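These notes are about the structure you will find just below.
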Amino acid sequence: MEDIKVRKKRANMIYRILDPVYTKEKTALKFNNPFELLIATILSAQCTDKRVNEVTKKLFKKYKSPEDYINVPQEELEEDIRPTGFFKNKAKAIRGCCRALIEKFEGRVPSTMKDMVQLPGVGRKTANVVLGAAYDVPGVVVDTHVKRLARRLGLTDNHDPEKIEKDLEALLPRKKWRRFSDILIYHGREVCKARKPLHESCKIRHLCPSSEI
Ligand code: SF4
């Protein structure tokens, strides 16, 4: 395995080069409190942030608390979130999560990883998104883009998201964890795409062990 010092250097250089490229304003999900962010994050699975924001603009006026999501028939919630896709599963996930919030956390979104992952359907990825943006708790978010780029960039040898999370956290200071995930997500969407990575226009090509794939 490559020396950790070499990986650290590469990760920090990638951060330095791409940080100014993907400006913070592009961070997209809109929310006013941790509960809204949790709902928006559940809705964002397999959906663009833009579409989620269109839906939540109305949704958050109608549903303000976990009780509100439970007190309507499931079909009504499904209709309200239909444009985000997979609306039946998402409605079920949202209601399950709301029930657990009421039963275990007095209706509030918890602020630790240990508590967050007790919510049904909430894995470490969603938990890190919510903890980072709502409570400023540092964490690396490992979604499909981060997973792919971390491996292509030689920052991990693992496939398991939890192990990748730990590997990336070992390479950068805590204050950079969350931002690094965002950078990799943007770079994955715009340049280092799953099927056809745009090596030619990639600003970190000189650092990338997979630049010829
Ligand atoms: S050089 Fe290619 S594989 Fe490496 S990060 Fe850039 S686009 Fe991805």
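For the structure tokens, the naming scheme is as follows: chains receive sequential letters (A, B, ...) according to their order of presentation, residues are indexed from 1 within each chain, and ligands are indexed from 1 in presentation order.
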
Expected answer as a count of residues only: residues within 6 Å of ligand 1, only C-alpha atoms and all ligand atoms: 13

Write out as a PDB file with N, CA and C atoms, in the first residue's frame each polymer residue whose atoms come within 9 Å of region 86-88 of chain A, counting only C-alpha atoms; drop sequence neighbours fewer than 2 positions from it.
```pdb
ATOM      1  N   LEU A  43     -35.210  13.117   0.479  1.00  0.00           N
ATOM      2  CA  LEU A  43     -35.803  13.323  -0.856  1.00  0.00           C
ATOM      3  C   LEU A  43     -34.745  13.392  -1.958  1.00  0.00           C
ATOM      4  N   ALA A  45     -32.260  11.496  -2.621  1.00  0.00           N
ATOM      5  CA  ALA A  45     -31.760  10.239  -3.188  1.00  0.00           C
ATOM      6  C   ALA A  45     -32.255  10.101  -4.629  1.00  0.00           C
ATOM      7  N   GLN A  46     -31.359   9.881  -5.553  1.00  0.00           N
ATOM      8  CA  GLN A  46     -31.703   9.705  -6.977  1.00  0.00           C
ATOM      9  C   GLN A  46     -32.465  10.901  -7.536  1.00  0.00           C
ATOM     10  N   GLN A  74     -50.658   8.279   4.026  1.00  0.00           N
ATOM     11  CA  GLN A  74     -49.397   8.111   3.281  1.00  0.00           C
ATOM     12  C   GLN A  74     -49.533   8.548   1.812  1.00  0.00           C
ATOM     13  N   GLU A  75     -50.716   8.267   1.214  1.00  0.00           N
ATOM     14  CA  GLU A  75     -50.920   8.596  -0.214  1.00  0.00           C
ATOM     15  C   GLU A  75     -50.822  10.105  -0.450  1.00  0.00           C
ATOM     16  N   LEU A  77     -48.986  12.252   1.254  1.00  0.00           N
ATOM     17  CA  LEU A  77     -47.562  12.617   1.276  1.00  0.00           C
ATOM     18  C   LEU A  77     -46.890  12.172  -0.017  1.00  0.00           C
ATOM     19  N   GLU A  78     -47.250  10.979  -0.492  1.00  0.00           N
ATOM     20  CA  GLU A  78     -46.662  10.474  -1.744  1.00  0.00           C
ATOM     21  C   GLU A  78     -46.903  11.472  -2.878  1.00  0.00           C
ATOM     22  N   GLU A  79     -48.134  11.971  -2.972  1.00  0.00           N
ATOM     23  CA  GLU A  79     -48.460  12.934  -4.019  1.00  0.00           C
ATOM     24  C   GLU A  79     -47.637  14.211  -3.872  1.00  0.00           C
ATOM     25  N   ASP A  80     -47.476  14.642  -2.629  1.00  0.00           N
ATOM     26  CA  ASP A  80     -46.753  15.896  -2.380  1.00  0.00           C
ATOM     27  C   ASP A  80     -45.269  15.818  -2.739  1.00  0.00           C
ATOM     28  N   ILE A  81     -44.716  14.591  -2.725  1.00  0.00           N
ATOM     29  CA  ILE A  81     -43.281  14.468  -3.029  1.00  0.00           C
ATOM     30  C   ILE A  81     -43.030  13.740  -4.352  1.00  0.00           C
ATOM     31  N   ARG A  82     -44.102  13.445  -5.077  1.00  0.00           N
ATOM     32  CA  ARG A  82     -44.014  12.637  -6.306  1.00  0.00           C
ATOM     33  C   ARG A  82     -42.901  13.087  -7.271  1.00  0.00           C
ATOM     34  N   PRO A  83     -42.733  14.406  -7.536  1.00  0.00           N
ATOM     35  CA  PRO A  83     -41.721  14.793  -8.540  1.00  0.00           C
ATOM     36  C   PRO A  83     -40.292  14.416  -8.171  1.00  0.00           C
ATOM     37  N   THR A  84     -40.031  14.028  -6.932  1.00  0.00           N
ATOM     38  CA  THR A  84     -38.645  13.669  -6.576  1.00  0.00           C
ATOM     39  C   THR A  84     -38.311  12.216  -6.940  1.00  0.00           C
ATOM     40  N   LYS A  90     -39.849   6.864  -0.493  1.00  0.00           N
ATOM     41  CA  LYS A  90     -39.433   8.061   0.255  1.00  0.00           C
ATOM     42  C   LYS A  90     -40.486   8.460   1.288  1.00  0.00           C
ATOM     43  N   ALA A  91     -41.761   8.344   0.905  1.00  0.00           N
ATOM     44  CA  ALA A  91     -42.835   8.687   1.861  1.00  0.00           C
ATOM     45  C   ALA A  91     -42.760   7.748   3.065  1.00  0.00           C
ATOM     46  N   LYS A  92     -42.515   6.468   2.784  1.00  0.00           N
ATOM     47  CA  LYS A  92     -42.411   5.489   3.865  1.00  0.00           C
ATOM     48  C   LYS A  92     -41.207   5.824   4.762  1.00  0.00           C
ATOM     49  N   ALA A  93     -40.094   6.147   4.123  1.00  0.00           N
ATOM     50  CA  ALA A  93     -38.876   6.456   4.888  1.00  0.00           C
ATOM     51  C   ALA A  93     -39.083   7.703   5.754  1.00  0.00           C
TER      52      ALA A  93
END
```

All helix (DSSP H, G or I) residues (DSSP, backbone) inside chain A, as an MDAnalysis selection string: chainID A and resid 4:18 24:26 34:43 49:62 66:70 74:84 87:105 113:116 124:135 144:152 161:169 174:190 199:201 205:207

Could you write out that same residue set with C-alpha atoms as a compact mmCIF listing (two decimals), in the first residue's frame?
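Saved to result-v6.txt:
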```txt
# COMPACT_ATOMS: atom_id res chain seq x y z
CA ILE A 4 0.10 7.53 3.96
CA LYS A 5 2.27 10.66 3.68
CA VAL A 6 2.10 10.50 -0.11
CA ARG A 7 -1.68 10.13 0.04
CA LYS A 8 -2.01 13.00 2.46
CA LYS A 9 0.02 15.24 0.22
CA ARG A 10 -2.08 14.29 -2.81
CA ALA A 11 -5.38 14.78 -0.97
CA ASN A 12 -4.35 18.23 0.26
CA MET A 13 -3.14 19.29 -3.18
CA ILE A 14 -6.43 18.14 -4.71
CA TYR A 15 -8.27 20.18 -2.07
CA ARG A 16 -6.19 23.27 -2.79
CA ILE A 17 -6.71 23.08 -6.56
CA LEU A 18 -10.42 22.25 -6.59
CA LYS A 24 -19.54 27.17 -1.85
CA GLU A 25 -22.61 28.92 -3.23
CA LYS A 26 -23.28 25.85 -5.33
CA PRO A 34 -32.13 20.50 10.91
CA PHE A 35 -35.52 18.81 10.49
CA GLU A 36 -36.08 20.34 7.04
CA LEU A 37 -32.56 19.34 6.04
CA LEU A 38 -33.19 15.75 7.11
CA ILE A 39 -36.36 15.60 4.99
CA ALA A 40 -34.64 17.28 2.02
CA THR A 41 -31.73 14.83 2.27
CA ILE A 42 -34.07 11.83 2.21
CA LEU A 43 -35.80 13.32 -0.86
CA ASP A 49 -31.01 19.22 -5.52
CA LYS A 50 -32.81 21.66 -7.83
CA ARG A 51 -35.86 19.41 -8.09
CA VAL A 52 -35.85 18.75 -4.34
CA ASN A 53 -35.81 22.50 -3.67
CA GLU A 54 -38.79 23.00 -5.99
CA VAL A 55 -40.74 20.36 -4.08
CA THR A 56 -39.72 21.44 -0.56
CA LYS A 57 -40.65 25.05 -1.25
CA LYS A 58 -44.31 24.02 -0.96
CA LEU A 59 -43.78 20.96 1.23
CA PHE A 60 -42.19 22.86 4.13
CA LYS A 61 -45.12 25.27 4.25
CA LYS A 62 -47.53 22.39 4.73
CA PRO A 66 -42.67 15.22 12.45
CA GLU A 67 -46.31 14.95 13.56
CA ASP A 68 -47.47 16.73 10.38
CA TYR A 69 -45.98 13.98 8.21
CA ILE A 70 -47.68 11.26 10.21
CA GLN A 74 -49.40 8.11 3.28
CA GLU A 75 -50.92 8.60 -0.21
CA GLU A 76 -51.24 12.33 0.36
CA LEU A 77 -47.56 12.62 1.28
CA GLU A 78 -46.66 10.47 -1.74
CA GLU A 79 -48.46 12.93 -4.02
CA ASP A 80 -46.75 15.90 -2.38
CA ILE A 81 -43.28 14.47 -3.03
CA ARG A 82 -44.01 12.64 -6.31
CA PRO A 83 -41.72 14.79 -8.54
CA THR A 84 -38.65 13.67 -6.58
CA PHE A 87 -41.99 8.69 -3.91
CA LYS A 88 -43.58 5.62 -2.32
CA ASN A 89 -40.33 4.51 -0.70
CA LYS A 90 -39.43 8.06 0.26
CA ALA A 91 -42.84 8.69 1.86
CA LYS A 92 -42.41 5.49 3.86
CA ALA A 93 -38.88 6.46 4.89
CA ILE A 94 -39.92 9.97 5.93
CA ARG A 95 -42.82 8.70 8.03
CA GLY A 96 -40.65 6.01 9.67
CA CYS A 97 -38.05 8.61 10.48
CA CYS A 98 -40.66 11.02 11.88
CA ARG A 99 -42.10 8.31 14.13
CA ALA A 100 -38.64 7.55 15.53
CA LEU A 101 -37.94 11.25 16.07
CA ILE A 102 -41.12 11.52 18.13
CA GLU A 103 -40.64 8.27 20.05
CA LYS A 104 -36.92 8.54 20.78
CA PHE A 105 -35.88 12.17 20.48
CA MET A 113 -23.78 10.13 14.71
CA LYS A 114 -24.66 7.50 17.32
CA ASP A 115 -28.23 8.83 17.60
CA MET A 116 -28.68 9.75 13.95
CA ARG A 124 -23.81 7.41 7.83
CA LYS A 125 -23.99 9.32 4.54
CA THR A 126 -27.29 11.07 5.35
CA ALA A 127 -26.20 11.50 8.96
CA ASN A 128 -22.97 13.23 7.90
CA VAL A 129 -24.85 15.54 5.53
CA VAL A 130 -27.25 16.61 8.28
CA LEU A 131 -24.70 16.77 11.09
CA GLY A 132 -22.30 18.80 8.97
CA ALA A 133 -24.73 21.33 7.54
CA ALA A 134 -27.11 21.67 10.49
CA TYR A 135 -24.81 21.26 13.49
CA THR A 144 -21.50 7.30 -5.02
CA HIS A 145 -19.28 10.12 -6.39
CA VAL A 146 -16.99 10.26 -3.36
CA LYS A 147 -16.66 6.50 -3.42
CA ARG A 148 -15.69 6.46 -7.11
CA LEU A 149 -13.31 9.42 -6.95
CA ALA A 150 -11.57 8.34 -3.76
CA ARG A 151 -10.65 5.09 -5.47
CA ARG A 152 -9.71 6.64 -8.83
CA PRO A 161 -18.28 3.36 2.44
CA GLU A 162 -17.57 3.36 6.15
CA LYS A 163 -13.94 2.35 5.56
CA ILE A 164 -13.59 4.96 2.80
CA GLU A 165 -14.94 7.56 5.22
CA LYS A 166 -12.22 6.65 7.73
CA ASP A 167 -9.51 6.57 5.05
CA LEU A 168 -10.37 10.07 3.82
CA GLU A 169 -10.63 11.42 7.35
CA ARG A 174 -11.12 17.82 10.48
CA LYS A 175 -12.10 21.27 9.31
CA LYS A 176 -11.65 20.19 5.69
CA TRP A 177 -13.63 16.92 5.85
CA ARG A 178 -17.02 18.20 4.85
CA ARG A 179 -15.79 20.56 2.18
CA PHE A 180 -13.61 17.82 0.67
CA SER A 181 -16.69 15.63 0.20
CA ASP A 182 -18.50 18.49 -1.54
CA ILE A 183 -15.52 19.09 -3.80
CA LEU A 184 -15.35 15.44 -4.82
CA ILE A 185 -19.12 15.34 -5.40
CA TYR A 186 -18.99 18.38 -7.72
CA HIS A 187 -15.92 17.06 -9.52
CA GLY A 188 -17.64 13.69 -9.92
CA ARG A 189 -20.76 15.28 -11.37
CA GLU A 190 -19.00 17.66 -13.72
CA HIS A 199 -9.50 13.41 -18.22
CA GLU A 200 -8.53 16.01 -20.83
CA SER A 201 -10.19 18.88 -19.01
CA ARG A 205 -5.03 15.10 -13.90
CA HIS A 206 -1.33 15.43 -13.03
CA LEU A 207 -2.12 14.07 -9.54
```

So how far away is CA of Gly85 (chain A) from CA of Cys47 (chain A), in Å?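 Interatomic distance, CA of Cys47 (chain A) to CA of Gly85 (chain A): 7.0 Å.
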